[in-house]
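Q: I'd like to ask you about the structure that follows.
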Amino acid sequence: MTVKQKTLAKSFEIKGVGLHTGVNVTMKFLPAPENHGFKFKRVDLETQPVIDADVDLVIDTSRGTLLEKDGARIGTIEHTLAALTGMDLDNVLIEVDNEEAPIMDGSSKYFVEAIAKAGVAEQNAEREYFEIKEKIEIYDEKSDSKIVALPDDDYRLNIMISFQSEVLNNQFATLETIRDFKSEIANCRTFVFLHELEILMSQNLIKGGELDNAIVIIDKEVGQEELNRLADLFKHERVEVKPQGILNNIDLYFDNECARHKLLDVIGDLALCGKRIKGRIIASKPGHRPNTLFAKALKKAYQETIDNAPDYDPNLPPLMDVNRIKEFLPHRYPFLMVDKIISVTEDEVIGVKSVSVNEPFFQGHFPDEPVMPGVLLVEAMAQTGGLLVLSRLKGKYSTYFIRIDNVKFRKKVVPGDTLIFKLTLNSPIRRGIANMRGVTYVGNKVVAEGEFMAQIIKQTEN
């Protein structure tokens with residue numbers, strides 16, 4: 001079943017204090033166009049830089065997930081991203097006026113409630129999932145954490161945490177469908193051990209920390225005098241230890257709230273892989289470091305799936321031979337760069353060209369080392385993309401490529417190579433404009449790739 005991308009129905013604001021920096025922060029959540037993803041815009045900086053929610057931008061995970069791009073930073077973003085994912089969103093721009101997201105009560109609750117109030121709007125573009133087809137796993141020796149992704153028909157998570165503590169030893173949490181995030185996970189708060197608090201403060205962290213935005217776990221004997229000093233330190237009314245070993249400043253929503261919060265963090269951190277996940281995540285001792293390492297592994301695995309060379313069986317008849325191609329394209333010798341089309345779907349076309357030593361350009365490029373010019377690889381991809389557009393239209397049309405971006409040449413193309421071109425629409429054709437991504441393969445290796453924008457114009461009759 002086709003699932004459409006979603007954005008916010010209207011914008012909203014959330015204000016609070018950054019956990020570690022103690023700064024006042026305003027976050028404004030705005031609807032965003034299709035294929036935009038989640039992005040943070042630092043409106044307090046002169047150039048108002050935009051920071052993608054991209055795992056490749058992670059620079060620190062010691063006490064939250066911190067992103068940096070061109071010197072601009074945004075930290076503690078995992079609860080925000082978990083809320084956006086859990087509320088089934090794809091495209092949101094978040095304007096923020098400081099370098100850290102507000103901690104609120106230490107959960108995703110306030111973000112989720114604001115999203116529910118603003119509403120969710122369906123968009124036209126189809127959502128792309130990273131469907132886990134085979135096991136992906138990492139082991140982080142530093143944290144003794146293991147995370148595994150397995151095939152599944154939904155986004156499901158199983159989390160186990162383990163600490164050398166009588167109060168918080170082994171705890172498990174499960175989310176059987178991401179649709180239950182709001183009711184099962186969103187309000188689960190972060191937690192901290194009492195002995196960590198003063199260490200964090202000595203490191204100039206948790207300046208915005210309060211006893212109301214974390215579950216404080218006491219796993220050693222502490223006198224009431226020490227607890228009173230702690231309460232005064234955080235400007236909180238006097239506290240005492242409950243039987244289960246937590247302070248009496250808050251009541252738990254669930255017996256396994258700590259494990260559920262770790263599950264929340266996993267969802268937020270894995271959103272940095274850039275695609276919605278369809279699979280089961282099993283994490284033992286997760287944390288921001290192993291979570292983001294796993295997000296990198298997922299992003300790499302997804303890139304490999306979309307860069308896999310299409311299957312090509314030369315024994316099968318083509319959908320279009322060169323004579324059929326000439327009915328759509330105006331190009332002729334020596335500039336027709338596609339020999340046949342072997343597949344056409346609603347949003348993808350696959351073409352083939354056999355490179356012969358008799359190609360006229362090899363006479364000058366280069367006589368003693370024949371290499372196909374990169375500009376002709378770009379042209380061949382553009383012609384293949386044009387066939388995707390023109391083959392679905394009735395009447396006489398032409399495509400004119402008006403923009404080419406992010407072109408990369410990865411390997412030489414030489415006589416004897418068989419080129420496979422895969423052109424995919426990035427979004428639906430609108431107002432006569434088509435946006436595509438093109439990849440050229442020789443065997444299973446990518447030799448060239450790029451992004452193309454084409455204008456579709458109807459031919460006038462003479």
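Chain identifiers are assigned as A, B, and so on, following the order in which chains appear in the structure tokens; residues are numbered from 1 within each chain, and ligands are numbered from 1 in order of appearance.
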Which range 290-395 of chain A residues have any atom within 9 Å of an atom of range 443-458 of chain A, and for each, what is the nearest pair of atoms with distance in Å to one decimal, counting only C-alpha atoms, rows sorted by chain and number, as a tab-separated table?
A:
residue	atom	partner	partner_atom	distance
A:Asp307	CA	A:Val446	CA	7.4
A:Asn308	CA	A:Asn444	CA	6.7
A:Ala309	CA	A:Asn444	CA	5.1
A:Pro310	CA	A:Asn444	CA	8.3
A:Gly374	CA	A:Ala448	CA	8.1
A:Leu377	CA	A:Ala448	CA	7.3
A:Val378	CA	A:Gly450	CA	7.8
A:Met381	CA	A:Glu449	CA	8.5
A:Ala382	CA	A:Phe452	CA	7.3
A:Gly385	CA	A:Phe452	CA	8.5
A:Gly386	CA	A:Ala454	CA	8.1
A:Val389	CA	A:Ile456	CA	8.2
A:Leu390	CA	A:Ile456	CA	8.5
A:Gly395	CA	A:Lys458	CA	7.8
Q: Could you write those residues out with C-alpha atoms, as a PDB file, in the first residue's frame?
A:
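So out-v2.pdb came out as:
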ATOM      1  CA  ASP A 307      22.805   2.098  -5.743  1.00  0.00           C
ATOM      2  CA  ASN A 308      22.469  -1.570  -6.642  1.00  0.00           C
ATOM      3  CA  ALA A 309      22.788  -2.024 -10.386  1.00  0.00           C
ATOM      4  CA  PRO A 310      19.514  -2.984 -12.100  1.00  0.00           C
ATOM      5  CA  GLY A 374      32.044  12.695 -18.616  1.00  0.00           C
ATOM      6  CA  LEU A 377      27.730  10.327 -19.668  1.00  0.00           C
ATOM      7  CA  VAL A 378      25.678  13.240 -18.341  1.00  0.00           C
ATOM      8  CA  MET A 381      21.568  10.044 -18.467  1.00  0.00           C
ATOM      9  CA  ALA A 382      19.632  13.140 -19.516  1.00  0.00           C
ATOM     10  CA  GLY A 385      15.461  10.620 -18.242  1.00  0.00           C
ATOM     11  CA  GLY A 386      13.806  12.397 -21.149  1.00  0.00           C
ATOM     12  CA  VAL A 389       8.912  11.758 -19.316  1.00  0.00           C
ATOM     13  CA  LEU A 390       8.167  11.720 -23.046  1.00  0.00           C
ATOM     14  CA  GLY A 395       1.317  14.506 -28.457  1.00  0.00           C
TER      15      GLY A 395
END
Q: Mind checking which residues fall within 9 Å of Val338 in chain A, counting only C-alpha atoms, ignoring those fewer than 2 positions away in the same chain, and posting them as an mmCIF file with N, CA and C atoms, in the first residue's frame?
A:
data_model
loop_
_atom_site.group_PDB
_atom_site.id
_atom_site.type_symbol
_atom_site.label_atom_id
_atom_site.label_comp_id
_atom_site.auth_asym_id
_atom_site.auth_seq_id
_atom_site.Cartn_x
_atom_site.Cartn_y
_atom_site.Cartn_z
ATOM 1 N N VAL A 322 16.216 1.087 -30.658
ATOM 2 C CA VAL A 322 16.687 2.397 -31.057
ATOM 3 C C VAL A 322 15.710 3.095 -31.998
ATOM 4 N N ILE A 325 13.041 4.547 -29.813
ATOM 5 C CA ILE A 325 13.609 5.688 -29.086
ATOM 6 C C ILE A 325 13.612 6.933 -29.963
ATOM 7 N N LEU A 336 23.001 10.442 -30.401
ATOM 8 C CA LEU A 336 22.009 9.616 -29.720
ATOM 9 C C LEU A 336 22.758 8.648 -28.816
ATOM 10 N N LYS A 340 18.834 1.264 -26.019
ATOM 11 C CA LYS A 340 17.546 0.620 -25.755
ATOM 12 C C LYS A 340 17.080 0.922 -24.340
ATOM 13 N N ILE A 341 15.786 0.762 -24.155
ATOM 14 C CA ILE A 341 15.160 0.906 -22.835
ATOM 15 C C ILE A 341 14.637 -0.462 -22.432
ATOM 16 N N GLY A 351 17.877 2.364 -18.998
ATOM 17 C CA GLY A 351 18.352 2.318 -20.376
ATOM 18 C C GLY A 351 19.720 1.676 -20.480
ATOM 19 N N VAL A 352 20.111 1.340 -21.702
ATOM 20 C CA VAL A 352 21.369 0.629 -21.947
ATOM 21 C C VAL A 352 22.097 1.277 -23.120
ATOM 22 N N LYS A 353 23.419 1.363 -23.016
ATOM 23 C CA LYS A 353 24.258 1.765 -24.139
ATOM 24 C C LYS A 353 25.506 0.897 -24.152
ATOM 25 N N SER A 354 25.809 0.319 -25.296
ATOM 26 C CA SER A 354 27.045 -0.441 -25.475
ATOM 27 C C SER A 354 28.098 0.495 -26.062
ATOM 28 N N ALA A 380 23.914 11.198 -21.777
ATOM 29 C CA ALA A 380 23.226 9.906 -21.902
ATOM 30 C C ALA A 380 22.193 9.725 -20.800
ATOM 31 N N MET A 381 22.545 10.127 -19.553
ATOM 32 C CA MET A 381 21.568 10.044 -18.467
ATOM 33 C C MET A 381 20.393 10.977 -18.731
ATOM 34 N N GLN A 383 19.228 11.995 -21.640
ATOM 35 C CA GLN A 383 18.373 11.436 -22.691
ATOM 36 C C GLN A 383 17.498 10.304 -22.142
ATOM 37 N N THR A 384 18.066 9.464 -21.298
ATOM 38 C CA THR A 384 17.289 8.377 -20.696
ATOM 39 C C THR A 384 16.175 8.944 -19.833
ATOM 40 N N PHE A 421 21.789 2.809 -17.392
ATOM 41 C CA PHE A 421 21.352 4.089 -16.839
ATOM 42 C C PHE A 421 20.072 3.878 -16.036
#
Q: One number please: CA of Lys285 in chain A to CA of Phe193 in chain A, in Å, one decimal.
A: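 If I compute the distance from CA of Lys285 in chain A to CA of Phe193 in chain A, I get 15.9 Å.
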Q: So that I can see what lies close to range 178-183 of chain A, please list as a ChimeraX atom specification the residues with an atom at most 7 Å from it, counting only C-alpha atoms and leaving out residues fewer than 4 positions away in the same chain.
A: /A:86,112,155-156
Q: Hey, can you spit out that residue selection with N, CA and C atoms as a tab-separated table (two decimals), in the first residue's frame?
A:
chain	number	residue	atom	x	y	z
A	86	GLY	N	7.54	9.59	15.71
A	86	GLY	CA	6.42	8.90	16.35
A	86	GLY	C	5.07	9.44	15.96
A	112	VAL	N	4.93	16.09	21.30
A	112	VAL	CA	3.84	15.27	20.76
A	112	VAL	C	2.50	15.97	20.91
A	155	TYR	N	7.59	-0.68	11.87
A	155	TYR	CA	8.72	-0.22	12.67
A	155	TYR	C	8.46	-0.64	14.09
A	156	ARG	N	9.23	-1.61	14.58
A	156	ARG	CA	9.05	-2.16	15.92
A	156	ARG	C	10.41	-2.13	16.64
Q: Can you pull out every residue within 12 Å of Leu387 in chain A, counting only C-alpha atoms, but drop anything in the same chain fewer than 5 positions away, and send it as a PDB file with N, CA and C atoms, in the first residue's frame?
A:
ATOM      1  N   LEU A 319      12.022  -2.957 -24.142  1.00  0.00           N
ATOM      2  CA  LEU A 319      10.734  -2.261 -24.267  1.00  0.00           C
ATOM      3  C   LEU A 319      10.785  -1.269 -25.429  1.00  0.00           C
ATOM      4  N   MET A 320      11.939  -0.653 -25.623  1.00  0.00           N
ATOM      5  CA  MET A 320      12.146   0.259 -26.756  1.00  0.00           C
ATOM      6  C   MET A 320      13.488  -0.070 -27.389  1.00  0.00           C
ATOM      7  N   VAL A 322      16.216   1.087 -30.658  1.00  0.00           N
ATOM      8  CA  VAL A 322      16.687   2.397 -31.057  1.00  0.00           C
ATOM      9  C   VAL A 322      15.710   3.095 -31.998  1.00  0.00           C
ATOM     10  N   ARG A 324      12.403   2.838 -31.892  1.00  0.00           N
ATOM     11  CA  ARG A 324      11.332   3.356 -31.056  1.00  0.00           C
ATOM     12  C   ARG A 324      11.807   4.589 -30.281  1.00  0.00           C
ATOM     13  N   ILE A 325      13.041   4.547 -29.813  1.00  0.00           N
ATOM     14  CA  ILE A 325      13.609   5.688 -29.086  1.00  0.00           C
ATOM     15  C   ILE A 325      13.612   6.933 -29.963  1.00  0.00           C
ATOM     16  N   LYS A 326      13.915   6.766 -31.246  1.00  0.00           N
ATOM     17  CA  LYS A 326      13.988   7.906 -32.166  1.00  0.00           C
ATOM     18  C   LYS A 326      12.626   8.554 -32.407  1.00  0.00           C
ATOM     19  N   GLU A 327      11.550   7.829 -32.068  1.00  0.00           N
ATOM     20  CA  GLU A 327      10.218   8.432 -32.174  1.00  0.00           C
ATOM     21  C   GLU A 327       9.975   9.464 -31.077  1.00  0.00           C
ATOM     22  N   PHE A 328      10.719   9.351 -29.967  1.00  0.00           N
ATOM     23  CA  PHE A 328      10.545  10.276 -28.840  1.00  0.00           C
ATOM     24  C   PHE A 328      11.651  11.330 -28.774  1.00  0.00           C
ATOM     25  N   LEU A 329      12.881  10.933 -29.068  1.00  0.00           N
ATOM     26  CA  LEU A 329      14.009  11.855 -28.954  1.00  0.00           C
ATOM     27  C   LEU A 329      14.388  12.413 -30.319  1.00  0.00           C
ATOM     28  N   PRO A 330      14.757  13.693 -30.389  1.00  0.00           N
ATOM     29  CA  PRO A 330      15.179  14.282 -31.665  1.00  0.00           C
ATOM     30  C   PRO A 330      16.636  13.988 -32.006  1.00  0.00           C
ATOM     31  N   HIS A 331      17.393  13.412 -31.087  1.00  0.00           N
ATOM     32  CA  HIS A 331      18.826  13.202 -31.284  1.00  0.00           C
ATOM     33  C   HIS A 331      19.090  12.159 -32.373  1.00  0.00           C
ATOM     34  N   MET A 337      22.564   8.783 -27.492  1.00  0.00           N
ATOM     35  CA  MET A 337      23.412   8.098 -26.514  1.00  0.00           C
ATOM     36  C   MET A 337      22.729   6.930 -25.805  1.00  0.00           C
ATOM     37  N   VAL A 338      21.548   6.534 -26.255  1.00  0.00           N
ATOM     38  CA  VAL A 338      20.832   5.415 -25.630  1.00  0.00           C
ATOM     39  C   VAL A 338      20.501   4.399 -26.713  1.00  0.00           C
ATOM     40  N   ASP A 339      20.875   3.129 -26.494  1.00  0.00           N
ATOM     41  CA  ASP A 339      20.605   2.076 -27.490  1.00  0.00           C
ATOM     42  C   ASP A 339      19.240   1.423 -27.295  1.00  0.00           C
ATOM     43  N   LYS A 340      18.834   1.264 -26.019  1.00  0.00           N
ATOM     44  CA  LYS A 340      17.546   0.620 -25.755  1.00  0.00           C
ATOM     45  C   LYS A 340      17.080   0.922 -24.340  1.00  0.00           C
ATOM     46  N   ILE A 341      15.786   0.762 -24.155  1.00  0.00           N
ATOM     47  CA  ILE A 341      15.160   0.906 -22.835  1.00  0.00           C
ATOM     48  C   ILE A 341      14.637  -0.462 -22.432  1.00  0.00           C
ATOM     49  N   ILE A 342      15.026  -0.916 -21.233  1.00  0.00           N
ATOM     50  CA  ILE A 342      14.633  -2.263 -20.799  1.00  0.00           C
ATOM     51  C   ILE A 342      13.552  -2.245 -19.728  1.00  0.00           C
ATOM     52  N   SER A 343      13.296  -1.067 -19.113  1.00  0.00           N
ATOM     53  CA  SER A 343      12.271  -1.009 -18.067  1.00  0.00           C
ATOM     54  C   SER A 343      11.772   0.416 -17.918  1.00  0.00           C
ATOM     55  N   VAL A 344      10.447   0.555 -17.777  1.00  0.00           N
ATOM     56  CA  VAL A 344       9.835   1.845 -17.474  1.00  0.00           C
ATOM     57  C   VAL A 344       8.723   1.611 -16.468  1.00  0.00           C
ATOM     58  N   THR A 345       8.775   2.345 -15.342  1.00  0.00           N
ATOM     59  CA  THR A 345       7.685   2.333 -14.371  1.00  0.00           C
ATOM     60  C   THR A 345       7.167   3.753 -14.233  1.00  0.00           C
ATOM     61  N   ASP A 347       7.835   5.922 -12.048  1.00  0.00           N
ATOM     62  CA  ASP A 347       8.830   6.915 -11.626  1.00  0.00           C
ATOM     63  C   ASP A 347      10.271   6.517 -11.918  1.00  0.00           C
ATOM     64  N   GLU A 348      10.473   5.497 -12.774  1.00  0.00           N
ATOM     65  CA  GLU A 348      11.841   5.061 -13.031  1.00  0.00           C
ATOM     66  C   GLU A 348      11.973   4.497 -14.435  1.00  0.00           C
ATOM     67  N   VAL A 349      13.124   4.743 -15.061  1.00  0.00           N
ATOM     68  CA  VAL A 349      13.423   4.193 -16.380  1.00  0.00           C
ATOM     69  C   VAL A 349      14.840   3.637 -16.355  1.00  0.00           C
ATOM     70  N   ILE A 350      15.063   2.551 -17.070  1.00  0.00           N
ATOM     71  CA  ILE A 350      16.386   1.936 -17.153  1.00  0.00           C
ATOM     72  C   ILE A 350      16.748   1.782 -18.624  1.00  0.00           C
ATOM     73  N   GLY A 351      17.877   2.364 -18.998  1.00  0.00           N
ATOM     74  CA  GLY A 351      18.352   2.318 -20.376  1.00  0.00           C
ATOM     75  C   GLY A 351      19.720   1.676 -20.480  1.00  0.00           C
ATOM     76  N   ALA A 380      23.914  11.198 -21.777  1.00  0.00           N
ATOM     77  CA  ALA A 380      23.226   9.906 -21.902  1.00  0.00           C
ATOM     78  C   ALA A 380      22.193   9.725 -20.800  1.00  0.00           C
ATOM     79  N   MET A 381      22.545  10.127 -19.553  1.00  0.00           N
ATOM     80  CA  MET A 381      21.568  10.044 -18.467  1.00  0.00           C
ATOM     81  C   MET A 381      20.393  10.977 -18.731  1.00  0.00           C
ATOM     82  N   ALA A 382      20.689  12.173 -19.231  1.00  0.00           N
ATOM     83  CA  ALA A 382      19.632  13.140 -19.516  1.00  0.00           C
ATOM     84  C   ALA A 382      18.682  12.614 -20.589  1.00  0.00           C
ATOM     85  N   ARG A 392       5.327   8.904 -21.604  1.00  0.00           N
ATOM     86  CA  ARG A 392       4.019   8.884 -20.944  1.00  0.00           C
ATOM     87  C   ARG A 392       3.088   9.990 -21.452  1.00  0.00           C
ATOM     88  N   LEU A 393       3.594  10.853 -22.337  1.00  0.00           N
ATOM     89  CA  LEU A 393       2.803  11.978 -22.804  1.00  0.00           C
ATOM     90  C   LEU A 393       2.202  11.705 -24.185  1.00  0.00           C
ATOM     91  N   TYR A 397       6.171  16.460 -27.518  1.00  0.00           N
ATOM     92  CA  TYR A 397       6.789  17.263 -26.463  1.00  0.00           C
ATOM     93  C   TYR A 397       8.313  17.135 -26.560  1.00  0.00           C
ATOM     94  N   SER A 398       8.975  18.098 -25.972  1.00  0.00           N
ATOM     95  CA  SER A 398      10.436  18.046 -25.849  1.00  0.00           C
ATOM     96  C   SER A 398      10.820  18.304 -24.399  1.00  0.00           C
ATOM     97  N   THR A 399      11.948  17.742 -23.985  1.00  0.00           N
ATOM     98  CA  THR A 399      12.481  18.022 -22.643  1.00  0.00           C
ATOM     99  C   THR A 399      13.782  18.806 -22.782  1.00  0.00           C
ATOM    100  N   TYR A 400      13.895  19.854 -21.996  1.00  0.00           N
ATOM    101  CA  TYR A 400      15.094  20.674 -21.986  1.00  0.00           C
ATOM    102  C   TYR A 400      15.642  20.692 -20.562  1.00  0.00           C
ATOM    103  N   PHE A 421      21.789   2.809 -17.392  1.00  0.00           N
ATOM    104  CA  PHE A 421      21.352   4.089 -16.839  1.00  0.00           C
ATOM    105  C   PHE A 421      20.072   3.878 -16.036  1.00  0.00           C
ATOM    106  N   LYS A 422      20.054   4.369 -14.806  1.00  0.00           N
ATOM    107  CA  LYS A 422      18.825   4.333 -13.984  1.00  0.00           C
ATOM    108  C   LYS A 422      18.473   5.756 -13.602  1.00  0.00           C
ATOM    109  N   LEU A 423      17.332   6.238 -14.090  1.00  0.00           N
ATOM    110  CA  LEU A 423      16.838   7.572 -13.781  1.00  0.00           C
ATOM    111  C   LEU A 423      15.547   7.447 -12.982  1.00  0.00           C
ATOM    112  N   THR A 424      15.495   8.120 -11.835  1.00  0.00           N
ATOM    113  CA  THR A 424      14.357   8.023 -10.931  1.00  0.00           C
ATOM    114  C   THR A 424      13.824   9.413 -10.613  1.00  0.00           C
ATOM    115  N   ALA A 434      10.350  18.400 -14.169  1.00  0.00           N
ATOM    116  CA  ALA A 434      10.669  17.059 -13.657  1.00  0.00           C
ATOM    117  C   ALA A 434      12.033  17.096 -12.972  1.00  0.00           C
ATOM    118  N   ALA A 454      14.426  19.084 -15.480  1.00  0.00           N
ATOM    119  CA  ALA A 454      14.064  19.268 -16.896  1.00  0.00           C
ATOM    120  C   ALA A 454      12.748  20.003 -17.014  1.00  0.00           C
ATOM    121  N   ILE A 456       9.473  20.539 -19.461  1.00  0.00           N
ATOM    122  CA  ILE A 456       8.733  19.825 -20.501  1.00  0.00           C
ATOM    123  C   ILE A 456       7.924  20.838 -21.288  1.00  0.00           C
TER     124      ILE A 456
END
